[in-house]
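**Student:** Structure file target.txt (compact mmCIF, N, CA and C atoms) is given on the next line.
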# COMPACT_ATOMS: atom_id res chain seq x y z
N MET A 12 8.78 -17.43 36.95
CA MET A 12 7.85 -16.33 37.17
C MET A 12 8.41 -15.02 36.65
N ARG A 13 9.69 -14.75 36.91
CA ARG A 13 10.27 -13.51 36.43
C ARG A 13 10.24 -13.43 34.91
N GLY A 14 10.52 -14.54 34.23
CA GLY A 14 10.49 -14.54 32.78
C GLY A 14 9.13 -14.14 32.25
N GLY A 15 8.08 -14.62 32.91
CA GLY A 15 6.72 -14.28 32.49
C GLY A 15 6.43 -12.81 32.64
N ILE A 16 6.93 -12.21 33.70
CA ILE A 16 6.71 -10.78 33.92
C ILE A 16 7.42 -9.98 32.84
N GLY A 17 8.63 -10.35 32.54
CA GLY A 17 9.40 -9.65 31.49
C GLY A 17 8.71 -9.73 30.15
N ILE A 18 8.18 -10.88 29.83
CA ILE A 18 7.48 -11.04 28.55
C ILE A 18 6.23 -10.16 28.54
N GLY A 19 5.49 -10.15 29.63
CA GLY A 19 4.28 -9.33 29.70
C GLY A 19 4.60 -7.86 29.52
N ILE A 20 5.65 -7.38 30.15
CA ILE A 20 6.03 -5.98 30.03
C ILE A 20 6.44 -5.67 28.60
N GLY A 21 7.18 -6.58 27.98
CA GLY A 21 7.59 -6.38 26.59
C GLY A 21 6.40 -6.26 25.66
N ILE A 22 5.40 -7.07 25.88
CA ILE A 22 4.20 -7.02 25.03
C ILE A 22 3.47 -5.71 25.23
N VAL A 23 3.35 -5.26 26.47
CA VAL A 23 2.68 -3.99 26.74
C VAL A 23 3.44 -2.84 26.09
N MET A 24 4.75 -2.83 26.21
CA MET A 24 5.55 -1.76 25.62
C MET A 24 5.43 -1.78 24.10
N SER A 25 5.48 -2.95 23.51
CA SER A 25 5.35 -3.08 22.06
C SER A 25 3.99 -2.59 21.59
N THR A 26 2.96 -2.95 22.31
CA THR A 26 1.60 -2.53 21.95
C THR A 26 1.46 -1.02 22.10
N ALA A 27 1.99 -0.45 23.15
CA ALA A 27 1.90 0.99 23.36
C ALA A 27 2.62 1.74 22.25
N SER A 28 3.78 1.25 21.83
CA SER A 28 4.53 1.87 20.76
C SER A 28 3.76 1.81 19.45
N ALA A 29 3.17 0.66 19.16
CA ALA A 29 2.40 0.51 17.92
C ALA A 29 1.16 1.39 17.93
N ALA A 30 0.56 1.58 19.10
CA ALA A 30 -0.64 2.40 19.20
C ALA A 30 -0.35 3.86 18.89
N ALA A 31 0.89 4.31 19.15
CA ALA A 31 1.25 5.70 18.91
C ALA A 31 1.35 5.99 17.41
N ALA A 32 1.66 4.98 16.60
CA ALA A 32 1.80 5.15 15.16
C ALA A 32 0.46 4.99 14.48
N GLU A 33 0.34 5.60 13.30
CA GLU A 33 -0.85 5.41 12.47
C GLU A 33 -0.89 3.94 12.05
N ALA A 34 -2.05 3.32 12.08
CA ALA A 34 -2.20 1.91 11.73
C ALA A 34 -1.90 1.70 10.25
N PRO A 35 -1.35 0.53 9.90
CA PRO A 35 -1.09 0.24 8.49
C PRO A 35 -2.33 0.40 7.60
N SER A 36 -3.49 -0.03 8.09
CA SER A 36 -4.70 0.09 7.28
C SER A 36 -5.08 1.55 7.04
N ASP A 37 -4.74 2.45 7.98
CA ASP A 37 -4.99 3.88 7.77
C ASP A 37 -4.12 4.44 6.65
N VAL A 38 -2.87 3.95 6.57
CA VAL A 38 -1.97 4.37 5.51
C VAL A 38 -2.53 3.94 4.16
N VAL A 39 -2.97 2.70 4.06
CA VAL A 39 -3.51 2.15 2.81
C VAL A 39 -4.81 2.85 2.43
N LYS A 40 -5.67 3.09 3.38
CA LYS A 40 -6.99 3.67 3.11
C LYS A 40 -6.91 4.99 2.36
N ARG A 41 -5.91 5.80 2.65
CA ARG A 41 -5.82 7.11 1.99
C ARG A 41 -5.68 6.97 0.48
N PHE A 42 -5.11 5.85 -0.02
CA PHE A 42 -4.95 5.66 -1.46
C PHE A 42 -6.26 5.30 -2.14
N TYR A 43 -7.24 4.84 -1.37
CA TYR A 43 -8.56 4.57 -1.91
C TYR A 43 -9.46 5.80 -1.82
N LEU A 44 -9.16 6.67 -0.88
CA LEU A 44 -9.93 7.90 -0.73
C LEU A 44 -9.45 8.99 -1.68
N GLN A 45 -8.20 8.87 -2.16
CA GLN A 45 -7.61 9.84 -3.08
C GLN A 45 -7.03 9.09 -4.29
N PRO A 46 -7.88 8.66 -5.22
CA PRO A 46 -7.37 7.94 -6.39
C PRO A 46 -6.24 8.70 -7.09
N GLY A 47 -5.18 7.98 -7.42
CA GLY A 47 -4.02 8.58 -8.09
C GLY A 47 -2.96 9.10 -7.15
N LEU A 48 -3.21 9.05 -5.85
CA LEU A 48 -2.25 9.58 -4.87
C LEU A 48 -0.88 8.94 -5.01
N GLU A 49 -0.84 7.63 -5.31
CA GLU A 49 0.45 6.95 -5.41
C GLU A 49 1.32 7.50 -6.54
N LEU A 50 0.71 8.15 -7.53
CA LEU A 50 1.47 8.71 -8.65
C LEU A 50 1.95 10.13 -8.38
N GLU A 51 1.50 10.74 -7.31
CA GLU A 51 1.93 12.09 -6.96
C GLU A 51 3.27 12.05 -6.23
N GLN A 52 4.19 12.89 -6.64
CA GLN A 52 5.50 12.93 -6.00
C GLN A 52 5.39 13.26 -4.51
N SER A 53 4.36 13.98 -4.13
CA SER A 53 4.19 14.34 -2.72
C SER A 53 3.91 13.12 -1.84
N SER A 54 3.56 11.99 -2.45
CA SER A 54 3.26 10.78 -1.66
C SER A 54 4.47 9.87 -1.48
N ARG A 55 5.63 10.23 -2.01
CA ARG A 55 6.80 9.34 -1.92
C ARG A 55 7.18 9.00 -0.48
N SER A 56 6.86 9.87 0.45
CA SER A 56 7.21 9.60 1.85
C SER A 56 6.45 8.42 2.43
N TYR A 57 5.37 7.99 1.78
CA TYR A 57 4.60 6.83 2.24
C TYR A 57 5.23 5.50 1.80
N PHE A 58 6.26 5.57 0.94
CA PHE A 58 6.82 4.37 0.34
C PHE A 58 8.28 4.16 0.70
N ILE A 59 8.70 2.90 0.68
CA ILE A 59 10.10 2.51 0.77
C ILE A 59 10.37 1.53 -0.37
N ASP A 60 11.65 1.23 -0.60
CA ASP A 60 11.99 0.28 -1.66
C ASP A 60 11.47 -1.10 -1.31
N PRO A 61 11.07 -1.86 -2.28
CA PRO A 61 11.25 -1.67 -3.72
C PRO A 61 10.17 -0.80 -4.38
N ALA A 62 9.03 -0.57 -3.74
CA ALA A 62 7.96 0.22 -4.36
C ALA A 62 8.41 1.63 -4.67
N ARG A 63 9.09 2.26 -3.75
CA ARG A 63 9.55 3.65 -3.93
C ARG A 63 10.44 3.78 -5.17
N LYS A 64 11.33 2.83 -5.36
CA LYS A 64 12.24 2.86 -6.51
C LYS A 64 11.46 2.87 -7.82
N VAL A 65 10.45 2.02 -7.94
CA VAL A 65 9.64 1.95 -9.16
C VAL A 65 8.87 3.26 -9.35
N LEU A 66 8.32 3.80 -8.27
CA LEU A 66 7.56 5.05 -8.37
C LEU A 66 8.47 6.21 -8.79
N ILE A 67 9.69 6.24 -8.29
CA ILE A 67 10.64 7.30 -8.68
C ILE A 67 11.03 7.14 -10.15
N GLN A 68 11.21 5.91 -10.62
CA GLN A 68 11.49 5.68 -12.03
C GLN A 68 10.32 6.17 -12.88
N ASN A 69 9.10 5.89 -12.45
CA ASN A 69 7.91 6.35 -13.15
C ASN A 69 7.86 7.88 -13.17
N ASP A 70 8.21 8.52 -12.05
CA ASP A 70 8.25 9.99 -11.98
C ASP A 70 9.20 10.55 -13.04
N ALA A 71 10.37 9.92 -13.18
CA ALA A 71 11.37 10.39 -14.14
C ALA A 71 10.84 10.29 -15.57
N ILE A 72 10.15 9.22 -15.89
CA ILE A 72 9.56 9.05 -17.22
C ILE A 72 8.52 10.14 -17.47
N ARG A 73 7.68 10.37 -16.49
CA ARG A 73 6.62 11.38 -16.63
C ARG A 73 7.20 12.79 -16.75
N GLN A 74 8.30 13.07 -16.05
CA GLN A 74 8.93 14.39 -16.15
C GLN A 74 9.51 14.62 -17.54
N GLY A 75 9.82 13.52 -18.24
CA GLY A 75 10.32 13.61 -19.60
C GLY A 75 9.21 13.82 -20.63
N GLY A 76 7.97 13.91 -20.18
CA GLY A 76 6.86 14.19 -21.07
C GLY A 76 6.07 12.96 -21.50
N GLU A 77 6.50 11.78 -21.10
CA GLU A 77 5.77 10.57 -21.46
C GLU A 77 4.74 10.24 -20.37
N GLU A 78 3.89 9.23 -20.66
CA GLU A 78 2.83 8.83 -19.74
C GLU A 78 3.34 8.15 -18.48
N GLY A 79 4.44 7.50 -18.55
CA GLY A 79 4.94 6.72 -17.41
C GLY A 79 4.71 5.24 -17.67
N CYS A 80 5.17 4.42 -16.76
CA CYS A 80 5.09 2.97 -16.95
C CYS A 80 4.04 2.32 -16.07
N LEU A 81 3.38 3.09 -15.23
CA LEU A 81 2.41 2.52 -14.29
C LEU A 81 0.98 2.92 -14.65
N ASP A 82 0.08 1.99 -14.50
CA ASP A 82 -1.33 2.26 -14.68
C ASP A 82 -1.79 3.11 -13.50
N PRO A 83 -2.57 4.15 -13.75
CA PRO A 83 -3.01 5.01 -12.65
C PRO A 83 -4.06 4.37 -11.73
N SER A 84 -4.44 3.13 -12.01
CA SER A 84 -5.44 2.50 -11.14
C SER A 84 -4.91 1.23 -10.46
N LEU A 85 -3.62 1.20 -10.16
CA LEU A 85 -3.06 0.01 -9.49
C LEU A 85 -3.73 -0.30 -8.16
N PRO A 86 -3.97 0.68 -7.28
CA PRO A 86 -4.63 0.33 -6.02
C PRO A 86 -6.00 -0.31 -6.24
N PHE A 87 -6.58 -0.05 -7.41
CA PHE A 87 -7.91 -0.56 -7.73
C PHE A 87 -7.82 -1.81 -8.61
N ASN A 88 -6.68 -2.49 -8.53
CA ASN A 88 -6.41 -3.75 -9.23
C ASN A 88 -6.48 -3.58 -10.74
N ASP A 89 -6.04 -2.39 -11.22
CA ASP A 89 -5.98 -2.12 -12.64
C ASP A 89 -7.35 -2.30 -13.31
N THR A 90 -8.40 -1.75 -12.68
CA THR A 90 -9.77 -1.86 -13.20
C THR A 90 -10.31 -0.49 -13.56
N ASN A 91 -11.40 -0.48 -14.30
CA ASN A 91 -12.19 0.73 -14.48
C ASN A 91 -13.11 0.77 -13.27
N PHE A 92 -12.82 1.63 -12.33
CA PHE A 92 -13.52 1.62 -11.05
C PHE A 92 -14.39 2.86 -10.90
N ASP A 93 -15.42 2.72 -10.11
CA ASP A 93 -16.28 3.82 -9.72
C ASP A 93 -15.89 4.17 -8.28
N PRO A 94 -15.34 5.36 -8.04
CA PRO A 94 -14.90 5.71 -6.68
C PRO A 94 -15.98 5.52 -5.62
N ALA A 95 -17.23 5.80 -5.95
CA ALA A 95 -18.32 5.64 -4.97
C ALA A 95 -18.55 4.16 -4.66
N GLU A 96 -18.48 3.30 -5.68
CA GLU A 96 -18.65 1.86 -5.47
C GLU A 96 -17.53 1.31 -4.60
N VAL A 97 -16.30 1.74 -4.89
CA VAL A 97 -15.15 1.28 -4.10
C VAL A 97 -15.31 1.75 -2.66
N ALA A 98 -15.59 3.03 -2.46
CA ALA A 98 -15.72 3.58 -1.11
C ALA A 98 -16.81 2.87 -0.32
N GLY A 99 -17.90 2.51 -0.98
CA GLY A 99 -19.02 1.85 -0.30
C GLY A 99 -18.77 0.38 0.01
N SER A 100 -17.80 -0.22 -0.66
CA SER A 100 -17.56 -1.66 -0.47
C SER A 100 -16.19 -1.97 0.14
N LEU A 101 -15.35 -0.97 0.33
CA LEU A 101 -13.97 -1.19 0.78
C LEU A 101 -13.91 -1.83 2.16
N LYS A 102 -13.15 -2.93 2.23
CA LYS A 102 -12.86 -3.59 3.51
C LYS A 102 -11.36 -3.80 3.58
N LEU A 103 -10.76 -3.44 4.70
CA LEU A 103 -9.32 -3.59 4.89
C LEU A 103 -9.07 -4.62 5.98
N GLU A 104 -8.29 -5.65 5.64
CA GLU A 104 -7.91 -6.68 6.60
C GLU A 104 -6.43 -6.51 6.90
N GLU A 105 -6.10 -6.31 8.16
CA GLU A 105 -4.74 -5.98 8.56
C GLU A 105 -4.14 -7.09 9.43
N LEU A 106 -2.90 -7.44 9.12
CA LEU A 106 -2.16 -8.39 9.93
C LEU A 106 -0.79 -7.79 10.21
N VAL A 107 -0.47 -7.59 11.49
CA VAL A 107 0.80 -7.00 11.89
C VAL A 107 1.61 -8.04 12.63
N SER A 108 2.88 -8.17 12.24
CA SER A 108 3.81 -9.07 12.91
C SER A 108 5.12 -8.31 13.12
N GLY A 109 5.29 -7.78 14.31
CA GLY A 109 6.48 -6.98 14.61
C GLY A 109 6.49 -5.70 13.79
N THR A 110 7.53 -5.53 12.97
CA THR A 110 7.65 -4.33 12.15
C THR A 110 7.18 -4.57 10.71
N GLU A 111 6.54 -5.70 10.47
CA GLU A 111 6.01 -6.02 9.14
C GLU A 111 4.48 -6.06 9.23
N ALA A 112 3.82 -5.61 8.18
CA ALA A 112 2.36 -5.66 8.14
C ALA A 112 1.88 -5.96 6.73
N THR A 113 0.75 -6.62 6.67
CA THR A 113 0.07 -6.87 5.40
C THR A 113 -1.35 -6.35 5.55
N VAL A 114 -1.78 -5.59 4.56
CA VAL A 114 -3.15 -5.10 4.53
C VAL A 114 -3.75 -5.58 3.21
N VAL A 115 -4.86 -6.31 3.29
CA VAL A 115 -5.56 -6.73 2.08
C VAL A 115 -6.77 -5.82 1.92
N ALA A 116 -6.81 -5.12 0.79
CA ALA A 116 -7.93 -4.25 0.46
C ALA A 116 -8.86 -5.03 -0.45
N LYS A 117 -10.11 -5.19 -0.01
CA LYS A 117 -11.14 -5.85 -0.82
C LYS A 117 -12.22 -4.83 -1.12
N PHE A 118 -12.67 -4.84 -2.38
CA PHE A 118 -13.66 -3.86 -2.81
C PHE A 118 -14.30 -4.35 -4.10
N MET A 119 -15.42 -3.73 -4.44
CA MET A 119 -16.12 -4.06 -5.69
C MET A 119 -15.70 -3.09 -6.79
N ALA A 120 -15.41 -3.65 -7.98
CA ALA A 120 -15.11 -2.86 -9.18
C ALA A 120 -15.40 -3.75 -10.38
N GLU A 121 -15.98 -3.17 -11.39
CA GLU A 121 -16.35 -3.90 -12.60
C GLU A 121 -17.26 -5.09 -12.30
N GLY A 122 -18.10 -4.96 -11.26
CA GLY A 122 -19.05 -6.00 -10.91
C GLY A 122 -18.46 -7.20 -10.21
N GLU A 123 -17.18 -7.14 -9.83
CA GLU A 123 -16.52 -8.26 -9.16
C GLU A 123 -15.76 -7.77 -7.94
N GLU A 124 -15.60 -8.69 -6.97
CA GLU A 124 -14.77 -8.33 -5.83
C GLU A 124 -13.31 -8.35 -6.27
N GLN A 125 -12.61 -7.31 -5.93
CA GLN A 125 -11.19 -7.17 -6.23
C GLN A 125 -10.43 -7.25 -4.91
N ALA A 126 -9.17 -7.66 -4.99
CA ALA A 126 -8.33 -7.72 -3.78
C ALA A 126 -6.90 -7.35 -4.13
N VAL A 127 -6.36 -6.42 -3.36
CA VAL A 127 -4.98 -5.98 -3.53
C VAL A 127 -4.30 -6.08 -2.17
N GLN A 128 -3.14 -6.72 -2.16
CA GLN A 128 -2.37 -6.87 -0.93
C GLN A 128 -1.31 -5.77 -0.88
N TRP A 129 -1.24 -5.12 0.26
CA TRP A 129 -0.24 -4.08 0.50
C TRP A 129 0.72 -4.60 1.56
N ARG A 130 2.01 -4.47 1.32
CA ARG A 130 3.01 -4.86 2.32
C ARG A 130 3.65 -3.60 2.86
N LEU A 131 3.74 -3.56 4.18
CA LEU A 131 4.29 -2.38 4.84
C LEU A 131 5.36 -2.78 5.85
N ARG A 132 6.24 -1.83 6.14
CA ARG A 132 7.27 -2.03 7.16
C ARG A 132 7.27 -0.78 8.04
N GLN A 133 7.41 -1.01 9.33
CA GLN A 133 7.43 0.11 10.27
C GLN A 133 8.85 0.65 10.35
N ILE A 134 8.99 1.93 10.06
CA ILE A 134 10.26 2.64 10.15
C ILE A 134 10.07 3.69 11.25
N GLY A 135 10.74 3.47 12.38
CA GLY A 135 10.47 4.33 13.53
C GLY A 135 9.05 4.06 13.99
N GLU A 136 8.22 5.09 14.00
CA GLU A 136 6.81 4.91 14.37
C GLU A 136 5.88 5.07 13.18
N THR A 137 6.44 5.06 11.98
CA THR A 137 5.66 5.30 10.77
C THR A 137 5.64 4.06 9.89
N TRP A 138 4.48 3.69 9.39
CA TRP A 138 4.34 2.57 8.46
C TRP A 138 4.56 3.06 7.05
N ARG A 139 5.45 2.36 6.32
CA ARG A 139 5.78 2.69 4.93
C ARG A 139 5.43 1.50 4.04
N ILE A 140 4.96 1.78 2.85
CA ILE A 140 4.55 0.75 1.89
C ILE A 140 5.77 0.27 1.12
N SER A 141 5.99 -1.05 1.14
CA SER A 141 7.11 -1.62 0.39
C SER A 141 6.66 -2.29 -0.89
N ASP A 142 5.39 -2.68 -1.00
CA ASP A 142 4.91 -3.30 -2.22
C ASP A 142 3.38 -3.31 -2.24
N MET A 143 2.86 -3.45 -3.44
CA MET A 143 1.42 -3.55 -3.69
C MET A 143 1.28 -4.70 -4.69
N ILE A 144 0.43 -5.69 -4.38
CA ILE A 144 0.36 -6.91 -5.19
C ILE A 144 -1.10 -7.28 -5.46
N SER A 145 -1.40 -7.55 -6.73
CA SER A 145 -2.74 -8.02 -7.08
C SER A 145 -2.90 -9.44 -6.57
N MET A 146 -4.07 -9.75 -6.04
CA MET A 146 -4.32 -11.11 -5.57
C MET A 146 -5.06 -11.94 -6.62
N SER A 147 -5.39 -11.32 -7.77
CA SER A 147 -6.08 -12.07 -8.82
C SER A 147 -5.50 -11.84 -10.21
N LYS A 148 -4.65 -10.87 -10.35
CA LYS A 148 -4.01 -10.59 -11.64
C LYS A 148 -2.50 -10.75 -11.44
N ASP A 149 -1.80 -10.80 -12.53
CA ASP A 149 -0.36 -11.08 -12.46
C ASP A 149 0.46 -9.80 -12.44
N TRP A 150 0.42 -9.07 -11.34
CA TRP A 150 1.28 -7.90 -11.22
C TRP A 150 1.61 -7.62 -9.75
N ALA A 151 2.75 -7.00 -9.58
CA ALA A 151 3.18 -6.46 -8.29
C ALA A 151 3.94 -5.19 -8.62
N LEU A 152 3.74 -4.17 -7.84
CA LEU A 152 4.43 -2.90 -8.09
C LEU A 152 5.94 -3.11 -8.17
N SER A 153 6.47 -3.93 -7.29
CA SER A 153 7.92 -4.16 -7.25
C SER A 153 8.47 -4.83 -8.50
N ARG A 154 7.61 -5.46 -9.31
CA ARG A 154 8.09 -6.18 -10.50
C ARG A 154 8.05 -5.32 -11.77
N PHE A 155 7.50 -4.10 -11.69
CA PHE A 155 7.48 -3.24 -12.88
C PHE A 155 8.89 -2.83 -13.24
N GLN A 156 9.16 -2.83 -14.53
CA GLN A 156 10.46 -2.40 -15.05
C GLN A 156 10.27 -1.03 -15.71
N CYS A 157 10.46 0.02 -14.95
CA CYS A 157 10.28 1.38 -15.46
C CYS A 157 11.64 1.95 -15.83
N GLU A 158 11.98 1.84 -17.09
CA GLU A 158 13.28 2.38 -17.53
C GLU A 158 13.14 3.12 -18.81
What does this structure look like when you write it as structure tokens?

**Tutor:**
Amino acid sequence: MRGGIGIGIGIVMSTASAAAAEAPSDVVKRFYLQPGLELEQSSRSYFIDPARKVLIQNDAIRQGGEEGCLDPSLPFNDTNFDPAEVAGSLKLEELVSGTEATVVAKFMAEGEEQAVQWRLRQIGETWRISDMISMSKDWALSRFQCE
């Protein structure tokens, strides 16, 4: 009986702690509401390695006057997207397991449903993005070689 009480208290405490932090899907949603946000240096605080490392490498290339190594529409599965179409069709599916979370963003672009998986890790009470992966194309942010 005591073991059961301890487990129940642990679950309540864990849930209360998670409720105080912004939800992983809220972190992801801002990148669909502000296209190009991931390429802005001001957004680096939303990322951790390996994604952050690639974004910083891209920043260095861009500061040198070149275009960079990343497509500016990665959150949109590297498509020609209409922001209004994406906003009207965006669905976020969130799965949290301890300090790890996966958010799948599904939306319409180029006449087809697109899906991008975001991986996040909780650091303190804040969710940080560790990777962004296409679910239908062959790319992941962590696999870009920006040098």

**Student:** Quick one, how far is atom CA of A:Gly76 from atom CA of A:Gln156?

**Tutor:**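 Taking atom CA of A:Gly76 as the start and atom CA of A:Gln156 as the end point, the length is 18.0 Å.
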
**Student:** Enumerate, in order of chain and increasing residue number, the residues of stretch 84-132 of chain A with an atom no farther than 8 Å from stretch 47-60 of chain A, each with its shortest atom pair and distance in Å to one decimal, counting only N, CA and C atoms, as JSON lines.

**Tutor:**
{"residue": "A:Ser84", "atom": "CA", "partner": "A:Gly47", "partner_atom": "N", "distance": 6.6}
{"residue": "A:Leu85", "atom": "N", "partner": "A:Gly47", "partner_atom": "N", "distance": 7.5}
{"residue": "A:Pro86", "atom": "N", "partner": "A:Gly47", "partner_atom": "N", "distance": 7.4}
{"residue": "A:Arg132", "atom": "N", "partner": "A:Ile59", "partner_atom": "N", "distance": 7.6}

**Student:** Would you save the residues of that selection, restricted to N, CA and C atoms, as a compact mmCIF listing (two decimals), keeping the file's coordinate frame?

**Tutor:**
# COMPACT_ATOMS: atom_id res chain seq x y z
N SER A 84 -4.44 3.13 -12.01
CA SER A 84 -5.44 2.50 -11.14
C SER A 84 -4.91 1.23 -10.46
N LEU A 85 -3.62 1.20 -10.16
CA LEU A 85 -3.06 0.01 -9.49
C LEU A 85 -3.73 -0.30 -8.16
N PRO A 86 -3.97 0.68 -7.28
CA PRO A 86 -4.63 0.33 -6.02
C PRO A 86 -6.00 -0.31 -6.24
N ARG A 132 6.24 -1.83 6.14
CA ARG A 132 7.27 -2.03 7.16
C ARG A 132 7.27 -0.78 8.04

**Student:** Using the chain letters and numbers from this document, which residues of stretch 36-66 of chain A does DSSP assign to alpha helix (DSSP H), as a count of residues only?

**Tutor:** 14

**Student:** At most 12 Å is the cut-off: for each residue in stretch 69-140 of chain A with any atom that close to an atom of stretch 39-45 of chain A, write down the nearest atom pair and the distance in Å rounded to one decimal, counting only C-alpha atoms, chain first then increasing number, as CSV.

**Tutor:**
residue,atom,partner,partner_atom,distance
A:Pro83,CA,A:Phe42,CA,11.4
A:Ser84,CA,A:Tyr43,CA,10.0
A:Leu85,CA,A:Phe42,CA,10.0
A:Pro86,CA,A:Phe42,CA,7.0
A:Phe87,CA,A:Tyr43,CA,7.8
A:Asn88,CA,A:Tyr43,CA,11.3
A:Phe92,CA,A:Tyr43,CA,10.8
A:Asp93,CA,A:Tyr43,CA,11.0
A:Pro94,CA,A:Tyr43,CA,8.0
A:Ala95,CA,A:Leu44,CA,9.7
A:Glu96,CA,A:Tyr43,CA,11.0
A:Val97,CA,A:Tyr43,CA,7.7
A:Ala98,CA,A:Leu44,CA,7.2
A:Gly99,CA,A:Tyr43,CA,10.9
A:Ser100,CA,A:Tyr43,CA,11.0
A:Leu101,CA,A:Tyr43,CA,8.3
A:Lys102,CA,A:Lys40,CA,9.3
A:Leu103,CA,A:Lys40,CA,7.8
A:Glu104,CA,A:Val39,CA,10.6
A:Glu105,CA,A:Val39,CA,10.0
A:Ala112,CA,A:Val39,CA,11.1
A:Thr113,CA,A:Val39,CA,10.0
A:Val114,CA,A:Val39,CA,7.5
A:Val115,CA,A:Val39,CA,9.1
A:Ala116,CA,A:Val39,CA,8.1
A:Lys117,CA,A:Tyr43,CA,10.8
A:Phe118,CA,A:Tyr43,CA,9.9
A:Val127,CA,A:Val39,CA,10.4
A:Gln128,CA,A:Val39,CA,9.8
A:Trp129,CA,A:Val39,CA,7.4
A:Arg130,CA,A:Val39,CA,9.6
A:Leu131,CA,A:Val39,CA,9.2
A:Trp138,CA,A:Val39,CA,9.7
A:Arg139,CA,A:Val39,CA,9.5
A:Ile140,CA,A:Val39,CA,8.2

**Student:** Which of these, A:Glu78, A:Glu158, A:Asn91, A:Glu111, has the shortest distance to A:Ser141 once you count only C-alpha atoms?

**Tutor:**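 Selected residue with least distance to A:Ser141: A:Glu111.
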
**Student:** Kindly list the centre and edge lengths in Å, rounded to one decimal, for the axis-aligned box that covers all listed atoms of stretch 126-134 of chain A plus 4 Å on each of its six sides, as AutoDock Vina command-line options.

**Tutor:**
--center_x 0.5 --center_y -2.0 --center_z 3.1 --size_x 27.4 --size_y 19.4 --size_z 24.2

**Student:** State, in Å with one decimal place, the distance from atom CA of A:Thr137 to atom N of A:Lys64.

**Tutor:**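 About the pair atom CA of A:Thr137 and atom N of A:Lys64: they are 17.3 Å apart.
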
**Student:** Could you please write out, as an MDAnalysis selection string, every residue of chain A that DSSP assigns to strand (DSSP E)?

**Tutor:** chainID A and resid 102:108 111:120 123:134 137:145

**Student:** To one decimal in Å, tell me the separation between atom CA of A:Leu106 and atom N of A:Ser147.

**Tutor:**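 About the pair atom CA of A:Leu106 and atom N of A:Ser147: they are 18.2 Å apart.
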
**Student:** In terms of the shortest atom-to-atom distance over all atoms listed in the file, which of A:Asp142, A:Asp37, A:Glu123, A:Asp89 is closest to A:Arg154?

**Tutor:**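 Under the stated criterion, the closest residue is A:Asp142.
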